[in-house]
Amino acid sequence: MAAELDGPRIEPRAGGAARQLVVFLHGYGADGNDLIEIGRAWQGAMPHAAFASPHAPHPCGQAPSGREWFPLTDRAQNERWRGVCSAAPVLDYFLDAELKRRNLPPSALALVGFSQGTMMALHVGLRRTVAPFAIVGYSGLLVTEPDAKPEAIEAEITSRPPVLLIHGDSDDLIPPQALFLAANGLAALGVPVEWHLSAGIGHGIDQEGLRQGGEFLARRL
């Protein structure tokens with residue numbers, strides 16, 4: 001296993017012990033600092049939540065100042081599958097340790113991912129022993145094993161938290177069709193899923209997407 005993860009954190013605005021833990025999972029070539037400030041934007045709706053944004057475990061091969069959850073060379077389905085499977089144990093370890101550090105039950109967890117971080121959030125979140133209370137995925141996709149039969153995929157799923165997927169309709173890195181493929185795939189697995197397509201947005205997050213993500217989490221507290 002890679003070294004233990006760490007990254008920036010935000011304490012609950014209301015003070016005292018946290019009642020929820022929201023963990024941000026950044027994209028390829030970024031680090032935990034890239035998303036942590038979203039927590040400050042959401043504090044008003046979730047005053048008792050703590051936020052954490054761990055740095056991914058590996059230096060990024062194509063952006064040495066950033067981090068990666070797993071390498072991306074040919075961006076093929078098999079590479080992504082190997083990647084999420086390889087990175088899952090170290091992320092699971094961080095989530096368990098962070099919940100324990102704050103004396104929170106596993107059900108108090110929410111995952112928020114961007115791009116490669118969304119791949120990790122969906123892969124890990126659907127395989128937690130206890131379901132997170134929500135997952136929000138920006139500009140990502142649902143990674144599945146190549147040529148796997150539907151019943152084999154369903155057998156791996158141990159939790160079905162509510163999921164919100166948000167994507168820019170002008171994303172030229174991960175096409176917006178990935179949102180619909182992910183939404184259909186999740187629905188087929190019995191996972192409750194909502195989605196939003198941000199008009200005129202590329203591979204990024206706009207203010208409407210931020211608002212919807214924060215409200216989605218707050219409604220499920």
# chains A, B, ... in the order shown; residues from 1 in each chain; ligands from 1
$ select_by_dssp --residues "stretch 5-170 of chain A" --states "strand (DSSP E or B)" --output "PyMOL selection string"
chain A and resi 9-10+20-25+49-52+58-59+67-68+109-114+134-138+163-168
$ closest_residue --among "A:Ala63, A:Ala188, A:Ala49, A:Pro8" --to "A:Glu37" --atoms "only C-alpha atoms"
A:Pro8
$ closest_residue --among "A:Gln77, A:Gln212, A:Asn184, A:Thr129" --to "A:Ile157" --atoms "only C-alpha atoms"
A:Thr129
$ residues_around --residues "A:Ser159" --least-positions-apart "5" --cutoff "7 Å" --atoms "only C-alpha atoms" --output "ChimeraX atom specification"
/A:126-131
$ atom_distance --atom1 "atom CA of A:Leu99" --atom2 "atom CA of A:Gly66"
25.8 Å
$ closest_residue --among "A:Pro132, A:Pro105, A:Gly32, A:Gly117" --to "A:Pro162" --atoms "only C-alpha atoms"
A:Pro132
$ residues_around --residues "A:Ala50" --least-positions-apart "3" --cutoff "12 Å" --atoms "only C-alpha atoms" --output "CSV table (one decimal) with C-alpha atoms, in the first residue's frame"
chain,number,residue,atom,x,y,z
A,8,PRO,CA,-6.0,20.1,3.8
A,9,ARG,CA,-9.0,20.1,6.2
A,10,ILE,CA,-11.8,22.5,7.2
A,11,GLU,CA,-13.4,22.3,10.6
A,12,PRO,CA,-17.2,22.7,11.2
A,13,ARG,CA,-18.4,26.3,11.0
A,14,ALA,CA,-20.7,25.6,14.0
A,15,GLY,CA,-17.7,24.6,16.2
A,16,GLY,CA,-17.5,21.5,18.3
A,17,ALA,CA,-17.4,18.0,17.0
A,18,ALA,CA,-18.2,17.2,13.4
A,19,ARG,CA,-21.5,15.5,12.7
A,20,GLN,CA,-20.6,14.7,9.0
A,21,LEU,CA,-17.5,14.3,7.0
A,22,VAL,CA,-17.3,15.4,3.4
A,23,VAL,CA,-14.2,14.2,1.5
A,24,PHE,CA,-13.1,15.8,-1.8
A,36,ILE,CA,-10.9,22.1,-0.4
A,38,ILE,CA,-15.6,24.3,-2.0
A,39,GLY,CA,-16.1,23.3,1.6
A,40,ARG,CA,-16.1,26.9,2.6
A,42,TRP,CA,-20.9,24.8,1.4
A,43,GLN,CA,-20.4,25.5,5.1
A,46,MET,CA,-23.7,22.2,6.3
A,47,PRO,CA,-22.5,24.0,9.5
A,53,SER,CA,-9.3,16.8,0.7
A,98,GLU,CA,-10.6,10.0,9.2
A,99,LEU,CA,-14.0,8.8,10.4
A,101,ARG,CA,-10.4,10.3,14.2
A,102,ARG,CA,-13.6,12.3,14.3
A,103,ASN,CA,-15.5,9.6,16.1
A,104,LEU,CA,-18.1,9.4,13.3
A,108,ALA,CA,-21.8,10.2,8.2
A,109,LEU,CA,-19.5,10.2,5.1
A,110,ALA,CA,-20.1,11.9,1.8
$ closest_residue --among "A:Val193, A:Leu111, A:Pro146, A:Arg219" --to "A:Trp81" --atoms "only C-alpha atoms"
A:Pro146
$ closest_residue --among "A:Arg220, A:Ser170, A:Gln62, A:Leu179" --to "A:Gly200" --atoms "only C-alpha atoms"
A:Ser170
